[in-house]
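Engineer: Shown below is the structure under consideration.
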Amino acid sequence: MAGSGPVAASDAGVAGSPRGRGRSVVFLGAAALLTVIMLGHTWIPEAGGLGVALDIAAPWLGALVPVLAVTAVLCRCPAGAVAMLAPLLAWAYLFGSWWAPGPAVRPGPAATQLRVVSQNLFAANASPGASARALVAAEADVLAVQELGGTNREAVVRVLDDTYAYRTEVGTVGLWSRYPISDTTPVDVGVDWHRGLRTHIATPAGDLVVYVVHLPSIRPGAITARDHGLTLLSRELAADDAEHIVVAGDFNTATTDRRWAGFAPGFRDVHSGAAFTWPASFPIARLDHILVRGMGAANTSVLSIPGPDHRAISAEVQPDRMR
């Protein structure tokens with residue numbers, strides 16, 4: 001009996017003891033909660049920006065799995081470590097393919113390929129000329145820009161006009177093209193000034209309609225304007241009867257955002273996987289998108305351009321590859 005005290009104390013943290021069972025409950029609960037958040041983040045109520053924040057964070061929640069598993073092992077809780085298989089499998093199901101190499105895509109005829117690049121220039125860009133020169137080096141046939149204005153406009157226009165024969169602007173969005181532009185009109189994206197345009201480009205493959213858009217920003221507790229802008233733009237795109245359409249810009253909407261799945265039926269986001277664009281220094285979300293309808297796309301990529309707070313996105317669109 002004299003030795004029963006030390007034995008009981010040493011067993012206090014192992015499985016089967018009250019403390020061990022308590023730890024198992026904690027880790028099992030954490031695994032269940034993490035799994036539910038991953039699978040159902042879009043169903044969590046939007047309260048003060050919490051819902052959208054979880055939508056953006058969803059692909060990164062998998063980083064918590066090894067942390068919790070190692071913690072469970074260090075706490076001598078094997079059940080807790082095994083329980084982490086549930087959120088790991090949920091993450092793999094939802095996002096595992098994002099980091100896998102994409103399928104090889106055979107490009108179409110060179111004469112029909114159009115390289116489209118989109119870049120938010122950043123209104124407070126300290127080196128707009130360098131940004132413009134880097135965009136020229138991307139060799140786009142169609143270049144869409146947002147936050148064009150203020151101190152960056154003159155330098156950007158001067159550089160890009162030396163390379164591109166055609167330019168159109170509406171408010172703070174602009175488009176440069178190697179091919180003739182016509183019939184540019186403003187597009188309402190839910191703000192008090194123009195941050196969207198629709199135009200026609202006479203490409204070697206025929207007429208192409210291009211939208212350049214910059215949706216309202218989102219902040220904690222302030223997503224109503226962005227949501228309204230998405231609704232307006234989705235309606236306009238759905239009603240557009242053009243055969244070949246490209247939509248490029250800063251949507252301020254992550255791929256995992258609850259409002260993205262139902263946006264613009266019939267259009268396809270050409271980028272997939274972990275093609276994150278924001279913030280430029282360490283991207284954690286893709287807020288910038290290129291959408292297409294009536295055409296295919298290949299060779300999609302994300303470009304690091306000096307100066308902006310977003311990375312650029314690029315894709316080769318092919319109007320002859322009907323979808």
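The chains in the structure tokens are called A, B, ... from first to last as shown; in each chain the residues are counted from 1, and the ligands are counted from 1 in the order shown.
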List as an mmCIF file with all heavy atoms, in the first residue's frame the protein and nucleic acid residues near segment 164-167 of chain A, meaning an atom at most 6 Å away when only C-alpha atoms are counted, but skip any in the same chain fewer than 6 places from it.

Structural biologist:
```
data_model
loop_
_atom_site.group_PDB
_atom_site.id
_atom_site.type_symbol
_atom_site.label_atom_id
_atom_site.label_comp_id
_atom_site.auth_asym_id
_atom_site.auth_seq_id
_atom_site.Cartn_x
_atom_site.Cartn_y
_atom_site.Cartn_z
ATOM 1 N N LEU A 175 -7.342 49.005 -69.971
ATOM 2 C CA LEU A 175 -6.994 47.847 -70.768
ATOM 3 C C LEU A 175 -6.102 48.280 -71.926
ATOM 4 O O LEU A 175 -6.393 49.261 -72.622
ATOM 5 C CB LEU A 175 -8.254 47.150 -71.290
ATOM 6 C CG LEU A 175 -8.048 45.873 -72.114
ATOM 7 C CD1 LEU A 175 -9.122 44.846 -71.794
ATOM 8 C CD2 LEU A 175 -8.065 46.173 -73.610
ATOM 9 N N TRP A 176 -5.006 47.563 -72.112
ATOM 10 C CA TRP A 176 -4.118 47.749 -73.258
ATOM 11 C C TRP A 176 -4.180 46.505 -74.121
ATOM 12 O O TRP A 176 -4.291 45.380 -73.605
ATOM 13 C CB TRP A 176 -2.686 47.976 -72.794
ATOM 14 C CG TRP A 176 -2.375 49.390 -72.414
ATOM 15 C CD1 TRP A 176 -1.750 50.338 -73.183
ATOM 16 C CD2 TRP A 176 -2.662 50.040 -71.165
ATOM 17 N NE1 TRP A 176 -1.632 51.523 -72.491
ATOM 18 C CE2 TRP A 176 -2.178 51.370 -71.251
ATOM 19 C CE3 TRP A 176 -3.274 49.625 -69.978
ATOM 20 C CZ2 TRP A 176 -2.297 52.276 -70.212
ATOM 21 C CZ3 TRP A 176 -3.401 50.526 -68.939
ATOM 22 C CH2 TRP A 176 -2.913 51.834 -69.059
ATOM 23 N N SER A 177 -4.110 46.689 -75.451
ATOM 24 C CA SER A 177 -4.274 45.564 -76.366
ATOM 25 C C SER A 177 -3.390 45.732 -77.590
ATOM 26 O O SER A 177 -3.128 46.846 -78.048
ATOM 27 C CB SER A 177 -5.735 45.453 -76.804
ATOM 28 O OG SER A 177 -5.901 44.519 -77.850
ATOM 29 N N ARG A 178 -2.943 44.608 -78.129
ATOM 30 C CA ARG A 178 -2.209 44.625 -79.395
ATOM 31 C C ARG A 178 -3.163 44.731 -80.589
ATOM 32 O O ARG A 178 -2.718 44.982 -81.716
ATOM 33 C CB ARG A 178 -1.373 43.352 -79.530
ATOM 34 C CG ARG A 178 -0.325 43.177 -78.438
ATOM 35 C CD ARG A 178 0.607 42.017 -78.748
ATOM 36 N NE ARG A 178 1.479 41.724 -77.631
ATOM 37 C CZ ARG A 178 2.598 42.391 -77.350
ATOM 38 N NH1 ARG A 178 2.964 43.408 -78.125
ATOM 39 N NH2 ARG A 178 3.341 42.049 -76.312
#
```

Engineer: Select from segment 84-250 of chain A everything DSSP, run on the backbone, classes as strand (DSSP E or B), then give the selection as an NGL selection string.

Structural biologist: :A and (114-120 or 142-146 or 166-170 or 173-177 or 181-186 or 196-203 or 206-214 or 219 or 222 or 245-250)

Engineer: So how many Å separate atom CA of Phe251 of chain A and atom CA of Arg226 of chain A, to one decimal?

Structural biologist: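 Distance reported for this atom pair: 8.4 Å.
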
Engineer: Find the spatial neighbours of Tyr211 of chain A, counting only C-alpha atoms, within a cut-off of 9 Å - ignore same-chain residues fewer than 4 positions away - and output them as a JSON list (two decimals) with C-alpha atoms, in the first residue's frame.

Structural biologist:
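Dumped to around-v2.json:
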```json
[["chain", "number", "residue", "atom", "x", "y", "z"],
["A", 144, "ALA", "CA", -6.05, 44.54, -67.77],
["A", 187, "VAL", "CA", -19.75, 48.40, -65.91],
["A", 196, "GLY", "CA", -15.46, 48.34, -64.40],
["A", 197, "LEU", "CA", -15.52, 48.36, -68.19],
["A", 198, "ARG", "CA", -16.71, 46.23, -71.09],
["A", 199, "THR", "CA", -15.08, 46.46, -74.49],
["A", 200, "HIS", "CA", -14.61, 44.64, -77.81],
["A", 245, "ILE", "CA", -15.99, 36.61, -73.25],
["A", 246, "VAL", "CA", -13.05, 37.16, -70.91],
["A", 247, "VAL", "CA", -13.51, 38.76, -67.48],
["A", 248, "ALA", "CA", -10.34, 39.83, -65.67],
["A", 249, "GLY", "CA", -9.63, 41.78, -62.54]]
```

Engineer: Skip segment 32-37 of chain A itself and residues of its chain fewer than 5 positions away, then list as number ranges by chain all residues within 10 Å of it, counting only C-alpha atoms.

Structural biologist: A: 26-27, 42-44, 54-55, 58, 61-62, 64-65, 83-91
